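K.L.:
Handing over my_file_26.cif, mmCIF, C-alpha atoms.
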```cif
data_coords
loop_
_atom_site.group_PDB
_atom_site.id
_atom_site.type_symbol
_atom_site.label_atom_id
_atom_site.label_comp_id
_atom_site.auth_asym_id
_atom_site.auth_seq_id
_atom_site.Cartn_x
_atom_site.Cartn_y
_atom_site.Cartn_z
ATOM 1 C CA MET U 1 -16.979 5.122 -15.209
ATOM 2 C CA ILE U 2 -13.422 6.432 -15.069
ATOM 3 C CA ARG U 3 -11.274 5.481 -18.007
ATOM 4 C CA ILE U 4 -7.721 4.507 -17.163
ATOM 5 C CA PHE U 5 -4.327 5.077 -18.707
ATOM 6 C CA GLU U 6 -2.193 1.984 -18.825
ATOM 7 C CA LEU U 7 1.095 2.946 -17.214
ATOM 8 C CA GLY U 8 2.949 2.330 -20.471
ATOM 9 C CA SER U 9 0.672 4.786 -22.253
ATOM 10 C CA LEU U 10 1.100 7.297 -19.461
ATOM 11 C CA ALA U 11 4.875 6.933 -19.639
ATOM 12 C CA PHE U 12 4.714 7.594 -23.387
ATOM 13 C CA TRP U 13 2.516 10.620 -22.690
ATOM 14 C CA VAL U 14 4.977 11.944 -20.114
ATOM 15 C CA MET U 15 7.889 11.662 -22.525
ATOM 16 C CA SER U 16 5.816 13.091 -25.375
ATOM 17 C CA LEU U 17 4.880 15.983 -23.123
ATOM 18 C CA ALA U 18 8.506 16.907 -22.645
ATOM 19 C CA VAL U 19 9.344 16.328 -26.320
ATOM 20 C CA THR U 20 6.665 18.737 -27.480
ATOM 21 C CA GLY U 21 8.093 21.581 -25.454
ATOM 22 C CA CYS U 22 5.615 21.329 -22.597
ATOM 23 C CA SER U 23 7.543 19.586 -19.885
ATOM 24 C CA GLY U 24 7.536 20.617 -16.248
ATOM 25 C CA PRO U 25 10.042 22.872 -14.550
ATOM 26 C CA SER U 26 13.733 22.074 -14.639
ATOM 27 C CA ASP U 27 16.105 22.290 -11.713
ATOM 28 C CA ALA U 28 17.605 25.404 -13.262
ATOM 29 C CA ASN U 29 14.526 27.617 -13.246
ATOM 30 C CA GLN U 30 11.119 26.688 -11.852
ATOM 31 C CA THR U 31 8.381 29.182 -12.471
ATOM 32 C CA GLY U 32 5.166 27.210 -12.979
ATOM 33 C CA ALA U 33 3.158 28.288 -16.018
ATOM 34 C CA GLY U 34 4.665 30.704 -18.470
ATOM 35 C CA GLY U 35 8.163 31.286 -19.749
ATOM 36 C CA SER U 36 9.860 29.679 -22.701
ATOM 37 C CA SER U 37 12.771 27.474 -23.590
ATOM 38 C CA SER U 38 15.203 27.398 -26.458
ATOM 39 C CA ALA U 39 17.634 24.846 -27.825
ATOM 40 C CA ASN U 40 20.582 25.186 -30.126
ATOM 41 C CA ALA U 41 21.798 21.595 -30.412
ATOM 42 C CA GLY U 42 22.674 21.109 -34.054
ATOM 43 C CA GLY U 43 21.011 24.327 -35.147
ATOM 44 C CA ASN U 44 18.469 26.884 -34.089
ATOM 45 C CA ASN U 45 15.383 25.196 -32.710
ATOM 46 C CA SER U 46 12.872 27.307 -30.808
ATOM 47 C CA VAL U 47 9.977 25.866 -28.883
ATOM 48 C CA THR U 48 6.877 27.449 -27.466
ATOM 49 C CA GLY U 49 4.086 25.340 -26.150
ATOM 50 C CA GLY U 50 1.556 24.701 -23.438
ATOM 51 C CA ALA U 51 1.620 25.439 -19.747
ATOM 52 C CA GLY U 52 4.677 24.286 -17.863
ATOM 53 C CA GLY U 53 7.825 25.606 -16.259
ATOM 54 C CA SER U 54 10.763 27.267 -17.903
ATOM 55 C CA GLY U 55 14.062 25.495 -18.428
ATOM 56 C CA SER U 56 17.493 26.752 -19.263
ATOM 57 C CA VAL U 57 18.266 24.258 -22.053
ATOM 58 C CA ASN U 58 15.571 22.190 -23.723
ATOM 59 C CA GLY U 59 13.542 22.541 -20.538
ATOM 60 C CA GLY U 60 9.811 23.021 -20.176
ATOM 61 C CA ALA U 61 8.078 25.664 -22.223
ATOM 62 C CA GLY U 62 5.540 28.233 -21.155
ATOM 63 C CA GLN U 63 2.180 29.107 -22.598
ATOM 64 C CA GLY U 64 1.902 29.367 -26.338
ATOM 65 C CA GLY U 65 0.226 27.764 -29.280
ATOM 66 C CA SER U 66 2.849 26.398 -31.623
ATOM 67 C CA THR U 67 5.985 24.343 -31.923
ATOM 68 C CA THR U 68 8.536 25.240 -34.584
ATOM 69 C CA GLY U 69 12.042 24.305 -35.594
ATOM 70 C CA ASN U 70 14.393 25.344 -38.354
ATOM 71 C CA GLY U 71 17.740 23.816 -37.425
ATOM 72 C CA GLY U 72 19.355 20.444 -36.852
ATOM 73 C CA PRO U 73 18.025 17.640 -34.702
ATOM 74 C CA VAL U 74 17.302 18.142 -31.026
ATOM 75 C CA HIS U 75 19.215 15.780 -28.747
ATOM 76 C CA GLU U 76 17.109 14.832 -25.758
ATOM 77 C CA GLY U 77 16.464 12.095 -23.254
ATOM 78 C CA HIS U 78 13.749 11.356 -20.724
ATOM 79 C CA PHE U 79 13.951 9.175 -17.648
ATOM 80 C CA VAL U 80 10.522 8.883 -16.033
ATOM 81 C CA LEU U 81 9.574 7.266 -12.724
ATOM 82 C CA LEU U 82 5.847 6.648 -12.267
ATOM 83 C CA SER U 83 4.384 5.728 -8.883
ATOM 84 C CA LEU U 84 0.618 5.709 -9.341
ATOM 85 C CA VAL U 85 -2.661 4.241 -8.163
ATOM 86 C CA MET U 86 -5.212 4.268 -10.985
ATOM 87 C CA ALA U 87 -8.646 2.824 -10.156
ATOM 88 C CA GLN U 88 -7.210 0.501 -7.502
ATOM 89 C CA THR U 89 -4.324 -0.588 -9.753
ATOM 90 C CA ARG U 90 -1.095 0.060 -7.864
ATOM 91 C CA ALA U 91 2.057 0.098 -9.964
ATOM 92 C CA ALA U 92 5.428 1.770 -10.207
ATOM 93 C CA GLN U 93 7.762 1.673 -13.166
ATOM 94 C CA ALA U 94 10.695 3.372 -14.828
ATOM 95 C CA SER U 95 10.582 4.398 -18.494
ATOM 96 C CA ALA U 96 13.370 5.859 -20.594
ATOM 97 C CA SER U 97 13.901 7.212 -24.098
ATOM 98 C CA PHE U 98 16.908 8.938 -25.660
ATOM 99 C CA TYR U 99 16.826 10.276 -29.185
ATOM 100 C CA THR U 100 17.624 12.801 -31.826
ATOM 101 C CA ALA U 101 14.410 14.184 -33.221
ATOM 102 C CA ALA U 102 13.127 16.636 -35.752
ATOM 103 C CA SER U 103 11.080 19.386 -34.128
ATOM 104 C CA PRO U 104 7.667 17.978 -33.182
ATOM 105 C CA LEU U 105 4.367 19.391 -34.314
ATOM 106 C CA CYS U 106 1.264 19.525 -32.124
ATOM 107 C CA THR U 107 -2.016 21.353 -32.244
ATOM 108 C CA VAL U 108 -2.117 23.215 -28.935
ATOM 109 C CA GLN U 109 -5.049 25.119 -27.460
ATOM 110 C CA THR U 110 -4.305 27.131 -24.329
ATOM 111 C CA PHE U 111 -6.782 28.010 -21.590
ATOM 112 C CA GLY U 112 -5.051 30.061 -18.894
ATOM 113 C CA ASP U 113 -2.652 27.666 -17.164
ATOM 114 C CA CYS U 114 -4.013 24.695 -19.137
ATOM 115 C CA ALA U 115 -3.121 23.401 -22.593
ATOM 116 C CA LEU U 116 -4.892 20.801 -24.715
ATOM 117 C CA HIS U 117 -2.539 18.910 -27.048
ATOM 118 C CA SER U 118 -3.775 16.964 -30.054
ATOM 119 C CA ASN U 119 -2.688 15.646 -33.459
ATOM 120 C CA CYS U 120 0.911 15.286 -32.316
ATOM 121 C CA ALA U 121 3.501 13.779 -34.642
ATOM 122 C CA LEU U 122 7.135 13.105 -33.870
ATOM 123 C CA SER U 123 10.083 11.721 -35.794
ATOM 124 C CA VAL U 124 12.454 9.995 -33.378
ATOM 125 C CA ASN U 125 15.826 8.284 -33.793
ATOM 126 C CA SER U 126 16.439 6.265 -30.619
ATOM 127 C CA VAL U 127 19.967 6.124 -29.222
ATOM 128 C CA SER U 128 21.494 4.306 -26.266
ATOM 129 C CA ALA U 129 22.635 5.671 -22.915
ATOM 130 C CA GLY U 130 23.960 2.271 -21.853
ATOM 131 C CA THR U 131 22.715 0.530 -18.720
ATOM 132 C CA LEU U 132 20.286 2.620 -16.667
ATOM 133 C CA THR U 133 19.922 2.156 -12.933
ATOM 134 C CA VAL U 134 17.686 3.522 -10.212
ATOM 135 C CA THR U 135 18.668 2.924 -6.602
ATOM 136 C CA SER U 136 17.145 4.034 -3.326
ATOM 137 C CA ALA U 137 17.744 3.065 0.272
ATOM 138 C CA ALA U 138 15.114 1.060 2.119
ATOM 139 C CA THR U 139 12.900 3.009 4.520
ATOM 140 C CA ALA U 140 10.621 1.979 7.361
ATOM 141 C CA THR U 141 7.708 1.742 4.927
ATOM 142 C CA LEU U 142 9.346 0.800 1.614
ATOM 143 C CA PRO U 143 12.039 -1.700 0.586
ATOM 144 C CA ALA U 144 14.905 -0.565 -1.615
ATOM 145 C CA ASN U 145 13.292 0.538 -4.883
ATOM 146 C CA ASN U 146 15.986 -0.516 -7.363
ATOM 147 C CA VAL U 147 15.820 -1.318 -11.070
ATOM 148 C CA SER U 148 18.266 -1.834 -13.939
ATOM 149 C CA MET U 149 17.426 -1.383 -17.643
ATOM 150 C CA VAL U 150 19.481 -2.229 -20.744
ATOM 151 C CA PRO U 151 18.756 -1.046 -24.303
ATOM 152 C CA ASN U 152 17.277 -3.330 -26.944
ATOM 153 C CA ALA U 153 18.909 -3.841 -30.342
ATOM 154 C CA ASP U 154 17.095 -0.734 -31.634
ATOM 155 C CA SER U 155 18.399 1.325 -28.660
ATOM 156 C CA ALA U 156 14.904 1.575 -27.165
ATOM 157 C CA TYR U 157 14.294 0.629 -23.529
ATOM 158 C CA ASP U 158 11.609 -1.619 -22.107
ATOM 159 C CA ASN U 159 9.926 -0.377 -18.944
ATOM 160 C CA GLY U 160 11.481 -1.441 -15.646
ATOM 161 C CA VAL U 161 9.260 -2.466 -12.730
ATOM 162 C CA LEU U 162 9.985 -0.929 -9.330
ATOM 163 C CA SER U 163 9.429 -2.836 -6.108
ATOM 164 C CA GLY U 164 6.692 -0.580 -4.724
ATOM 165 C CA LEU U 165 5.034 2.806 -4.660
ATOM 166 C CA PHE U 166 6.876 5.786 -3.250
ATOM 167 C CA SER U 167 5.679 7.226 0.035
ATOM 168 C CA GLY U 168 7.120 10.653 -0.738
ATOM 169 C CA ALA U 169 10.496 12.346 -0.181
ATOM 170 C CA GLU U 170 12.555 9.198 -0.950
ATOM 171 C CA ALA U 171 16.102 9.944 -2.122
ATOM 172 C CA LEU U 172 16.710 8.360 -5.546
ATOM 173 C CA HIS U 173 19.990 7.936 -7.424
ATOM 174 C CA ILE U 174 19.669 7.661 -11.206
ATOM 175 C CA ALA U 175 22.614 6.769 -13.429
ATOM 176 C CA ALA U 176 23.491 5.788 -17.005
ATOM 177 C CA SER U 177 26.689 3.924 -17.900
ATOM 178 C CA GLY U 178 26.900 5.772 -21.218
ATOM 179 C CA GLY U 179 26.601 5.039 -24.935
ATOM 180 C CA THR U 180 25.717 7.492 -27.677
ATOM 181 C CA VAL U 181 24.468 9.525 -24.731
ATOM 182 C CA PRO U 182 27.445 10.111 -22.421
ATOM 183 C CA ALA U 183 27.339 8.689 -18.900
ATOM 184 C CA PHE U 184 25.395 10.769 -16.389
ATOM 185 C CA SER U 185 23.973 10.551 -12.894
ATOM 186 C CA ALA U 186 21.620 12.548 -10.702
ATOM 187 C CA ASP U 187 20.186 12.509 -7.211
ATOM 188 C CA VAL U 188 16.482 13.364 -7.100
ATOM 189 C CA SER U 189 13.730 13.129 -4.513
ATOM 190 C CA ALA U 190 10.239 11.753 -4.916
ATOM 191 C CA PRO U 191 7.629 14.466 -4.365
ATOM 192 C CA LEU U 192 5.898 14.870 -1.050
ATOM 193 C CA VAL U 193 2.371 13.492 -1.130
ATOM 194 C CA ILE U 194 0.262 16.539 -1.989
ATOM 195 C CA THR U 195 -3.188 16.535 -0.390
ATOM 196 C CA ILE U 196 -6.284 18.187 -1.853
ATOM 197 C CA ASP U 197 -8.098 20.582 0.498
ATOM 198 C CA ALA U 198 -10.876 21.962 -1.699
ATOM 199 C CA PRO U 199 -13.224 21.169 -3.280
ATOM 200 C CA THR U 200 -13.557 18.317 -0.788
ATOM 201 C CA PRO U 201 -13.352 14.940 -2.568
ATOM 202 C CA ASP U 202 -15.981 12.320 -1.715
ATOM 203 C CA SER U 203 -15.201 9.080 0.137
ATOM 204 C CA ASN U 204 -13.732 7.593 -3.061
ATOM 205 C CA GLY U 205 -11.459 10.547 -3.777
ATOM 206 C CA ILE U 206 -13.719 12.016 -6.486
ATOM 207 C CA ILE U 207 -14.259 15.741 -6.965
ATOM 208 C CA HIS U 208 -17.573 16.316 -8.717
ATOM 209 C CA ALA U 209 -17.417 19.301 -11.045
ATOM 210 C CA THR U 210 -19.306 20.912 -13.905
ATOM 211 C CA THR U 211 -18.049 22.273 -17.202
ATOM 212 C CA THR U 212 -19.953 25.534 -16.756
ATOM 213 C CA SER U 213 -17.630 27.337 -14.332
ATOM 214 C CA ASP U 214 -13.935 27.521 -13.474
ATOM 215 C CA LEU U 215 -12.669 24.932 -10.998
ATOM 216 C CA THR U 216 -10.188 26.112 -8.359
ATOM 217 C CA ILE U 217 -8.183 23.374 -6.652
ATOM 218 C CA GLN U 218 -6.655 24.150 -3.245
ATOM 219 C CA PHE U 219 -3.886 21.844 -2.004
ATOM 220 C CA SER U 220 -1.288 21.458 0.738
ATOM 221 C CA ARG U 221 2.356 20.368 0.922
ATOM 222 C CA GLY U 222 3.397 21.746 -2.464
ATOM 223 C CA THR U 223 7.016 22.926 -2.651
ATOM 224 C CA SER U 224 8.960 25.148 -5.038
ATOM 225 C CA ASP U 225 10.287 22.223 -7.079
ATOM 226 C CA VAL U 226 7.005 20.279 -7.274
ATOM 227 C CA VAL U 227 3.890 21.139 -9.254
ATOM 228 C CA LEU U 228 0.324 19.843 -9.297
ATOM 229 C CA SER U 229 -1.033 18.869 -12.714
ATOM 230 C CA ALA U 230 -4.415 17.742 -14.021
ATOM 231 C CA GLN U 231 -4.277 15.087 -16.736
ATOM 232 C CA VAL U 232 -7.020 13.620 -18.898
ATOM 233 C CA LEU U 233 -7.746 9.933 -18.287
ATOM 234 C CA GLY U 234 -8.408 8.770 -21.801
ATOM 235 C CA GLY U 235 -7.596 5.075 -22.167
ATOM 236 C CA GLY U 236 -4.219 5.790 -23.750
ATOM 237 C CA SER U 237 -5.447 8.531 -26.083
ATOM 238 C CA PRO U 238 -2.569 10.496 -27.674
ATOM 239 C CA ASP U 239 -4.430 13.731 -26.867
ATOM 240 C CA TRP U 240 -4.065 15.251 -23.419
ATOM 241 C CA LEU U 241 -4.952 18.241 -21.302
ATOM 242 C CA GLU U 242 -2.318 19.504 -18.915
ATOM 243 C CA CYS U 243 -2.920 22.139 -16.273
ATOM 244 C CA THR U 244 -0.224 23.287 -13.858
ATOM 245 C CA SER U 245 -0.343 25.304 -10.669
ATOM 246 C CA SER U 246 0.707 28.878 -11.310
ATOM 247 C CA LYS U 247 1.090 29.712 -7.618
ATOM 248 C CA ALA U 248 1.738 27.734 -4.478
ATOM 249 C CA GLY U 249 -1.296 25.992 -3.042
ATOM 250 C CA SER U 250 -3.821 26.474 -5.829
ATOM 251 C CA MET U 251 -4.591 25.677 -9.450
ATOM 252 C CA ILE U 252 -7.400 27.015 -11.632
ATOM 253 C CA ILE U 253 -8.868 24.889 -14.435
ATOM 254 C CA PRO U 254 -10.843 27.283 -16.675
ATOM 255 C CA THR U 255 -14.353 26.467 -17.879
ATOM 256 C CA ALA U 256 -13.190 26.117 -21.476
ATOM 257 C CA ALA U 257 -10.459 23.661 -20.481
ATOM 258 C CA LEU U 258 -12.928 21.511 -18.536
ATOM 259 C CA ALA U 259 -15.249 21.435 -21.531
ATOM 260 C CA ALA U 260 -12.412 20.589 -23.930
ATOM 261 C CA ALA U 261 -11.020 17.776 -21.776
ATOM 262 C CA GLY U 262 -13.684 15.301 -22.856
ATOM 263 C CA GLY U 263 -13.108 12.983 -19.909
ATOM 264 C CA PRO U 264 -12.315 12.715 -16.200
ATOM 265 C CA LEU U 265 -9.079 14.126 -14.850
ATOM 266 C CA SER U 266 -6.472 12.734 -12.490
ATOM 267 C CA LEU U 267 -4.480 15.039 -10.239
ATOM 268 C CA LEU U 268 -0.762 14.249 -10.277
ATOM 269 C CA THR U 269 2.225 15.795 -8.589
ATOM 270 C CA ARG U 270 5.600 15.783 -10.270
ATOM 271 C CA ALA U 271 9.192 16.764 -9.605
ATOM 272 C CA THR U 272 11.471 17.236 -12.618
ATOM 273 C CA ARG U 273 14.998 18.374 -13.308
ATOM 274 C CA ASN U 274 17.295 18.616 -16.324
ATOM 275 C CA ILE U 275 20.761 17.100 -16.675
ATOM 276 C CA ILE U 276 23.282 17.960 -19.378
ATOM 277 C CA ALA U 277 25.134 14.929 -20.808
ATOM 278 C CA GLY U 278 27.318 15.993 -23.719
ATOM 279 C CA ASP U 279 25.006 17.227 -26.487
ATOM 280 C CA PHE U 280 21.954 15.744 -24.746
ATOM 281 C CA THR U 281 19.578 17.352 -22.300
ATOM 282 C CA VAL U 282 18.075 14.620 -20.139
ATOM 283 C CA THR U 283 14.860 15.371 -18.258
ATOM 284 C CA VAL U 284 14.323 13.246 -15.144
ATOM 285 C CA GLY U 285 10.812 13.226 -13.706
ATOM 286 C CA VAL U 286 9.098 11.541 -10.756
ATOM 287 C CA TYR U 287 5.280 11.420 -10.885
ATOM 288 C CA MET U 288 2.843 10.540 -8.088
ATOM 289 C CA ASN U 289 -0.846 10.901 -7.347
ATOM 290 C CA ALA U 290 -2.298 13.740 -5.320
ATOM 291 C CA TYR U 291 -4.369 12.330 -2.459
ATOM 292 C CA THR U 292 -7.261 13.046 -0.132
ATOM 293 C CA GLN U 293 -6.321 14.617 3.193
ATOM 294 C CA ASP U 294 -6.256 11.199 4.892
ATOM 295 C CA LYS U 295 -3.848 10.007 2.142
ATOM 296 C CA LEU U 296 -6.048 6.988 1.423
ATOM 297 C CA HIS U 297 -7.443 7.840 -2.028
ATOM 298 C CA PRO U 298 -5.879 9.336 -5.156
ATOM 299 C CA VAL U 299 -7.961 12.295 -6.298
ATOM 300 C CA GLN U 300 -9.747 12.442 -9.635
ATOM 301 C CA ILE U 301 -12.248 14.866 -11.128
ATOM 302 C CA GLN U 302 -15.490 13.718 -12.705
ATOM 303 C CA PHE U 303 -17.942 15.934 -14.519
ATOM 304 C CA ASN U 304 -21.620 15.961 -13.573
#
```
Do you think you could lay out the structure here as structure tokens?
P.N.:
Amino acid sequence: MIRIFELGSLAFWVMSLAVTGCSGPSDANQTGAGGSSSANAGGNNSVTGGAGGSGSVNGGAGQGGSTTGNGGPVHEGHFVLLSLVMAQTRAAQASASFYTAASPLCTVQTFGDCALHSNCALSVNSVSAGTLTVTSAATATLPANNVSMVPNADSAYDNGVLSGLFSGAEALHIAASGGTVPAFSADVSAPLVITIDAPTPDSNGIIHATTTSDLTIQFSRGTSDVVLSAQVLGGGSPDWLECTSSKAGSMIIPTAALAAAGGPLSLLTRATRNIIAGDFTVTVGVYMNAYTQDKLHPVQIQFN
């Protein structure tokens, strides 16, 4: 039976992923796996981590096995839009976190374009960016997907519920009125719906795989600013495996990564970009399922 992330846990995972130096590509420089990122907010903090893109400032990090820091706090924010179907549960929500944080520590094992993260710890001081809004125009298939979020007394944000799932390529406007984090805004697009070509999923969208050989995923409709990722479905476990496509149209999950995952995988597509707001680097990400060619079933991987 497939274990399921609750969306809140997945949102926390997404933000943790970026915090630990393993976020996806930024709008400044998208290269898939590899590369590195550095930050100098408040001191000299260098980050190397698991597979991801490379970013110009506090962006995603490339392959590596450690996370270190020897300067002042890193000033970051994450605004995440999730539009997912998980075991017939359809939900879309916005999650946000802005903070100054000491450099995080994770145990990271890398396997080609995959990285397994475990034993992560993070010290976070939440700060406010004021009122957050997401707006999008109605389309023929989706009503206006708008939400507004205000910070709690501790400057943390509760998740905001969107009106429906994205169909792909919707234009989204994201804005913050400003607080400790200066006001910012950005226009982003939801990813196209990526379809999986091979191995061919079964009628329920399941790819049946083994842990004794590499698994090559072939897909269509990927673009330069969107990547395909494989994520462990672990019931909200703080550990995760992330694999990213290193070239357009395909992704290889090595044998060792499959064996280390310890559970089924969900294939997700994501579009991310970075925004500079004063001393803060804000990563905005939109995440959606990858689907079967008929676009009826989100694709997951189960091990025989």
K.L.:
Would you pick out the contacts of U:Pro199 at 12 Å or less, using all atoms listed in the file, so that residues sharing its chain but fewer than 4 positions from it are not included, and give the list as a PyMOL selection string?
P.N.:
chain U and resi 195+205-209+215-219+250-252+292-293+299-301
K.L.:
Hey, which of U:Ser97, U:Ser229, U:Thr133, U:Asn152 ends up closest to U:Phe184? Count all atoms listed in the file.
P.N.:
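Ranking U:Ser97, U:Ser229, U:Thr133, U:Asn152 by distance to U:Phe184, first place goes to U:Thr133.
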K.L.:
From the options U:Ala198, U:Cys120, U:Thr211, U:Glu242, which residue's atoms come nearest to U:Phe303, counting all atoms listed in the file?
P.N.:
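Once distances to U:Phe303 are computed over all atoms listed in the file, the minimum belongs to U:Thr211.
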K.L.:
Counting only C-alpha atoms, which residues have an atom no more than 7 Å from (24.1, -2.1, -18.7) in the file's coordinates? Please list them as a list in words.
P.N.:
Gly130, Thr131, Leu132, Met149, Val150 and Ser177 of chain U
K.L.:
Can those selected residues be exported to a file as a PDB file, keeping the file's coordinate frame so that it contains C-alpha atoms?
P.N.:
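Written out: out-v4.pdb:
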```
ATOM      1  CA  GLY U 130      23.960   2.271 -21.853  1.00  0.00           C
ATOM      2  CA  THR U 131      22.715   0.530 -18.720  1.00  0.00           C
ATOM      3  CA  LEU U 132      20.286   2.620 -16.667  1.00  0.00           C
ATOM      4  CA  MET U 149      17.426  -1.383 -17.643  1.00  0.00           C
ATOM      5  CA  VAL U 150      19.481  -2.229 -20.744  1.00  0.00           C
ATOM      6  CA  SER U 177      26.689   3.924 -17.900  1.00  0.00           C
TER       7      SER U 177
END
```
K.L.:
Env of U:Thr107: 7 Å cut, atoms = all atoms listed in the file, seq-sep filter 6 positions within chain, self excluded. Answer as a compact mmCIF listing (two decimals) with C-alpha atoms, in the frame of the given file.
P.N.:
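Saved file result_11.txt follows:
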```txt
# COMPACT_ATOMS: atom_id res chain seq x y z
CA HIS U 117 -2.54 18.91 -27.05
CA SER U 118 -3.78 16.96 -30.05
CA ASN U 119 -2.69 15.65 -33.46
CA CYS U 120 0.91 15.29 -32.32
```
K.L.:
In Å, rounded to a single decimal, give me how far atom CA of U:Ile174 is from atom CA of U:Gly222.
P.N.:
23.2 Å
K.L.:
For U:Ala290, list every protein, DNA or RNA residue within 8 Å, evaluated using only C-alpha atoms, and leave out those in the same chain fewer than 5 positions away; present the list as a list in words.
P.N.:
Val193, Ile194, Thr195, Ile196, Leu228, Leu267, Leu268, Thr269, Pro298 and Val299 of chain U
K.L.:
Mind telling me what the PyMOL selection byres ((chain U and resi 137) around 12) catches here, as an mmCIF file with C-alpha atoms, in the coordinates of the input?
P.N.:
```
data_model
loop_
_atom_site.group_PDB
_atom_site.id
_atom_site.type_symbol
_atom_site.label_atom_id
_atom_site.label_comp_id
_atom_site.auth_asym_id
_atom_site.auth_seq_id
_atom_site.Cartn_x
_atom_site.Cartn_y
_atom_site.Cartn_z
ATOM 1 C CA VAL U 134 17.686 3.522 -10.212
ATOM 2 C CA THR U 135 18.668 2.924 -6.602
ATOM 3 C CA SER U 136 17.145 4.034 -3.326
ATOM 4 C CA ALA U 138 15.114 1.060 2.119
ATOM 5 C CA THR U 139 12.900 3.009 4.520
ATOM 6 C CA ALA U 140 10.621 1.979 7.361
ATOM 7 C CA THR U 141 7.708 1.742 4.927
ATOM 8 C CA LEU U 142 9.346 0.800 1.614
ATOM 9 C CA PRO U 143 12.039 -1.700 0.586
ATOM 10 C CA ALA U 144 14.905 -0.565 -1.615
ATOM 11 C CA ASN U 145 13.292 0.538 -4.883
ATOM 12 C CA ASN U 146 15.986 -0.516 -7.363
ATOM 13 C CA PHE U 166 6.876 5.786 -3.250
ATOM 14 C CA ALA U 169 10.496 12.346 -0.181
ATOM 15 C CA GLU U 170 12.555 9.198 -0.950
ATOM 16 C CA ALA U 171 16.102 9.944 -2.122
ATOM 17 C CA LEU U 172 16.710 8.360 -5.546
ATOM 18 C CA HIS U 173 19.990 7.936 -7.424
ATOM 19 C CA SER U 189 13.730 13.129 -4.513
#
```
K.L.:
Given only C-alpha atoms as the basis, pick out the residue of U:Ser213, U:Gly164, U:Arg221, U:Ser266 nearest to U:His297.
P.N.:
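The shortest atom-to-atom distance to U:His297 comes from U:Ser266.
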K.L.:
Suppose you want the space between atom CA of U:Val181 and atom CA of U:Thr272; what is it in Å?
P.N.:
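We find that atom CA of U:Val181 and atom CA of U:Thr272 lie 19.4 Å from each other.
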K.L.:
I would like the residues chosen by the PyMOL selection byres ((chain U and resi 284) around 7) on the shown file; could you give them as a PyMOL selection string?
P.N.:
chain U and resi 78-80+272-274+282-283+285
K.L.:
Show which residues sit within 9 Å of U:Ala259, as a PyMOL selection string. Count all atoms listed in the file, and ignore same-chain residues fewer than 3 positions away.
P.N.:
chain U and resi 210-212+254-256+262-263
K.L.:
Taking only C-alpha atoms into account, name the residue in U:Ala101, U:Ala257, U:Ala96, U:Val286 that is nearest to U:Leu84.
P.N.:
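Once distances to U:Leu84 are computed over only C-alpha atoms, the minimum belongs to U:Val286.
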K.L.:
Quick one: residues within 7 Å of U:Asn159, all atoms listed in the file, excluding same-chain residues fewer than 5 positions away - as an mmCIF file with C-alpha atoms, keeping the file's coordinate frame?
P.N.:
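Saved the output as around32.cif:
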```
data_model
loop_
_atom_site.group_PDB
_atom_site.id
_atom_site.type_symbol
_atom_site.label_atom_id
_atom_site.label_comp_id
_atom_site.auth_asym_id
_atom_site.auth_seq_id
_atom_site.Cartn_x
_atom_site.Cartn_y
_atom_site.Cartn_z
ATOM 1 C CA GLN U 93 7.762 1.673 -13.166
ATOM 2 C CA ALA U 94 10.695 3.372 -14.828
ATOM 3 C CA SER U 95 10.582 4.398 -18.494
#
```
K.L.:
To one decimal in Å, tell me the separation between atom CA of U:Tyr157 and atom CA of U:Val85.
P.N.:
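Here the two named atoms are 23.2 Å from each other.
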K.L.:
Between U:Thr281, U:Ser167, U:Ser245, U:Asn204, which is the closest to U:Gly77 once you count only C-alpha atoms?
P.N.:
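With only C-alpha atoms as the atom set, the closest residue is U:Thr281.
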K.L.:
As a JSON list (two decimals), keeping the file's coordinate frame, could you write out stretch 166-174 of chain U once it has been completed with N, CA and C atoms?
P.N.:
```
[["chain", "number", "residue", "atom", "x", "y", "z"],
["U", 166, "PHE", "N", 6.18, 4.87, -4.13],
["U", 166, "PHE", "CA", 6.88, 5.79, -3.25],
["U", 166, "PHE", "C", 5.92, 6.33, -2.20],
["U", 167, "SER", "N", 6.46, 6.60, -1.02],
["U", 167, "SER", "CA", 5.68, 7.23, 0.04],
["U", 167, "SER", "C", 5.81, 8.74, -0.02],
["U", 168, "GLY", "N", 6.86, 9.23, -0.65],
["U", 168, "GLY", "CA", 7.12, 10.65, -0.74],
["U", 168, "GLY", "C", 8.42, 11.02, -0.04],
["U", 169, "ALA", "N", 9.23, 11.81, -0.71],
["U", 169, "ALA", "CA", 10.50, 12.35, -0.18],
["U", 169, "ALA", "C", 11.62, 11.32, -0.18],
["U", 170, "GLU", "N", 11.45, 10.15, -0.84],
["U", 170, "GLU", "CA", 12.56, 9.20, -0.95],
["U", 170, "GLU", "C", 13.70, 9.78, -1.79],
["U", 171, "ALA", "N", 14.92, 9.52, -1.37],
["U", 171, "ALA", "CA", 16.10, 9.94, -2.12],
["U", 171, "ALA", "C", 16.42, 8.88, -3.17],
["U", 172, "LEU", "N", 16.50, 9.28, -4.43],
["U", 172, "LEU", "CA", 16.71, 8.36, -5.55],
["U", 172, "LEU", "C", 18.00, 8.73, -6.27],
["U", 173, "HIS", "N", 18.78, 7.72, -6.62],
["U", 173, "HIS", "CA", 19.99, 7.94, -7.42],
["U", 173, "HIS", "C", 19.76, 7.30, -8.79],
["U", 174, "ILE", "N", 19.90, 8.10, -9.83],
["U", 174, "ILE", "CA", 19.67, 7.66, -11.21],
["U", 174, "ILE", "C", 20.98, 7.79, -11.97]]
```
